[in-house]
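For reference, the structure is listed below as structure tokens.
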Amino acid sequence: MRKAKPKKRVILPDPVFNDQKVSKFVNHLMYSGKKTISYEIFYNSLNIVKEKMAKEEKTPLEIWKQALDNITPQVEVKSRRIGGATFQVPTEIRPDRKESVSMKNMIQFARKRSGKSMAERLAAEIMDAYNNQGGAFKRKEDMHRMAEANRAFAHFRF
């Protein structure tokens, strides 16, 4: 590569929880640069989680973080072409990519859900992920299953 690596941008923490992870999540959630709407959706969904999971001793933010941890994949498969054949090679995921993949999966499956508002759908996906179920958790399990099935090709790792 001729040029130097681009600098990593510093993401400012969010205004309510003062947490960088929340800002990253909101950035993934955002459409067309509408960050205030994105924040509104996220905070409303946490309020819904707070109401519905009142018996939990954790705060809604801790529930959300635990849900993200539950759907974070450890390995993924990458296509690698070797001698005319394409192999699915299992590789470990970098920590920053793990976080990004889990956030994108949660948002993607929240958008696919049926429900009134995006805040309600996101809250339902957060609660499902916290309880180790739902679409995003299933995606993680499928990724791990594929990596396990293709473990024989792990020596092709690059």
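Just so we're on the same page: first chain in the structure tokens is A, next is B, and so on; residues restart at 1 for each chain, and ligands are numbered from 1 in the order they show up.
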Where does stretch 35-85 of chain A meet stretch 147-157 of chain A within 9 Å, residue by residue, with the nearest atom pair and distance in Å to one decimal for each, counting only C-alpha atoms, listed by chain and rising number, as CSV?
```
residue,atom,partner,partner_atom,distance
A:Val75,CA,A:Ala147,CA,6.7
A:Glu76,CA,A:Ala147,CA,6.1
A:Val77,CA,A:Ala147,CA,5.7
A:Arg80,CA,A:Phe156,CA,7.9
A:Ile82,CA,A:Phe156,CA,8.5
```
Put those residues in a file: all heavy atoms, as a PDB file, in the first residue's frame.
```
ATOM      1  N   VAL A  75     -15.975 -15.785  15.749  1.00  0.00           N
ATOM      2  CA  VAL A  75     -15.354 -16.191  14.492  1.00  0.00           C
ATOM      3  C   VAL A  75     -16.326 -15.977  13.342  1.00  0.00           C
ATOM      4  O   VAL A  75     -17.537 -15.936  13.550  1.00  0.00           O
ATOM      5  CB  VAL A  75     -14.925 -17.686  14.516  1.00  0.00           C
ATOM      6  CG1 VAL A  75     -13.723 -17.902  15.387  1.00  0.00           C
ATOM      7  CG2 VAL A  75     -16.058 -18.573  14.946  1.00  0.00           C
ATOM      8  N   GLU A  76     -15.764 -15.818  12.149  1.00  0.00           N
ATOM      9  CA  GLU A  76     -16.581 -15.722  10.949  1.00  0.00           C
ATOM     10  C   GLU A  76     -15.886 -16.489   9.836  1.00  0.00           C
ATOM     11  O   GLU A  76     -14.707 -16.826   9.959  1.00  0.00           O
ATOM     12  CB  GLU A  76     -16.796 -14.262  10.547  1.00  0.00           C
ATOM     13  CG  GLU A  76     -15.547 -13.552  10.077  1.00  0.00           C
ATOM     14  CD  GLU A  76     -15.799 -12.109   9.690  1.00  0.00           C
ATOM     15  OE1 GLU A  76     -16.964 -11.706   9.551  1.00  0.00           O
ATOM     16  OE2 GLU A  76     -14.803 -11.388   9.521  1.00  0.00           O
ATOM     17  N   VAL A  77     -16.610 -16.765   8.762  1.00  0.00           N
ATOM     18  CA  VAL A  77     -15.992 -17.436   7.624  1.00  0.00           C
ATOM     19  C   VAL A  77     -15.787 -16.423   6.501  1.00  0.00           C
ATOM     20  O   VAL A  77     -16.647 -15.581   6.249  1.00  0.00           O
ATOM     21  CB  VAL A  77     -16.819 -18.641   7.123  1.00  0.00           C
ATOM     22  CG1 VAL A  77     -16.767 -19.768   8.120  1.00  0.00           C
ATOM     23  CG2 VAL A  77     -18.241 -18.259   6.818  1.00  0.00           C
ATOM     24  N   ARG A  80     -12.169 -17.818   0.410  1.00  0.00           N
ATOM     25  CA  ARG A  80     -10.776 -17.754  -0.017  1.00  0.00           C
ATOM     26  C   ARG A  80     -10.614 -18.685  -1.202  1.00  0.00           C
ATOM     27  O   ARG A  80     -10.931 -19.876  -1.106  1.00  0.00           O
ATOM     28  CB  ARG A  80      -9.903 -18.164   1.161  1.00  0.00           C
ATOM     29  CG  ARG A  80      -8.486 -18.420   0.845  1.00  0.00           C
ATOM     30  CD  ARG A  80      -7.621 -17.267   1.197  1.00  0.00           C
ATOM     31  NE  ARG A  80      -6.285 -17.633   0.744  1.00  0.00           N
ATOM     32  CZ  ARG A  80      -5.193 -17.062   1.122  1.00  0.00           C
ATOM     33  NH1 ARG A  80      -5.248 -16.084   1.952  1.00  0.00           N
ATOM     34  NH2 ARG A  80      -4.038 -17.449   0.663  1.00  0.00           N
ATOM     35  N   ILE A  82      -8.516 -20.862  -3.622  1.00  0.00           N
ATOM     36  CA  ILE A  82      -7.243 -21.568  -3.657  1.00  0.00           C
ATOM     37  C   ILE A  82      -7.292 -22.613  -4.760  1.00  0.00           C
ATOM     38  O   ILE A  82      -8.093 -23.562  -4.692  1.00  0.00           O
ATOM     39  CB  ILE A  82      -6.917 -22.227  -2.299  1.00  0.00           C
ATOM     40  CG1 ILE A  82      -6.688 -21.132  -1.262  1.00  0.00           C
ATOM     41  CG2 ILE A  82      -5.684 -23.110  -2.408  1.00  0.00           C
ATOM     42  CD1 ILE A  82      -6.866 -21.537   0.131  1.00  0.00           C
TER      43      ILE A  82
END
```
Within 12 Å of A:Met53, counting only C-alpha atoms, which residues qualify if same-chain residues fewer than 2 places away don't, as number ranges by chain? A: 45-51, 55-64, 123-124, 126-128, 130-131
Option closest in space to A:Phe25, from A:Lys140, A:Lys7, A:Lys112, A:Lys65 [counting only C-alpha atoms]: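 For A:Phe25, the nearest of the candidates is A:Lys65.
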Please, which residues in stretch 18-68 of chain A fall within 10 Å of stretch 87-100 of chain A when counting only C-alpha atoms, and what is the closest atom pair and distance in Å to one decimal for each, ordered by chain then residue number, as a Markdown table?
```
| residue | atom | partner | partner_atom | distance |
| --- | --- | --- | --- | --- |
| A:Lys21 | CA | A:Glu99 | CA | 8.8 |
| A:Lys24 | CA | A:Ser100 | CA | 8.2 |
| A:Phe25 | CA | A:Ser100 | CA | 8.2 |
| A:His28 | CA | A:Ser100 | CA | 8.4 |
| A:Leu68 | CA | A:Glu99 | CA | 8.0 |
```
Write out as a ChimeraX atom specification the set of residues from stretch 5-148 of chain A that DSSP, computed on the backbone, places in strand (DSSP E or B). /A:75-82,85-92
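Taking atom CA of A:Gly134 as the reference point, atom CA of A:Val16 is found at 27.5 Å.
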Go ahead and compute the interatomic distance for atom CA of A:Ser38 and atom CA of A:Met143, in Å to one decimal.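 That distance, rounded to one decimal, is 28.1 Å.
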Which of these, A:Val22, A:Met103, A:Ile11, A:Met30, has the shortest distance to A:Thr72 once you count only C-alpha atoms?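 That would be A:Met103, the residue with the smallest distance to A:Thr72.
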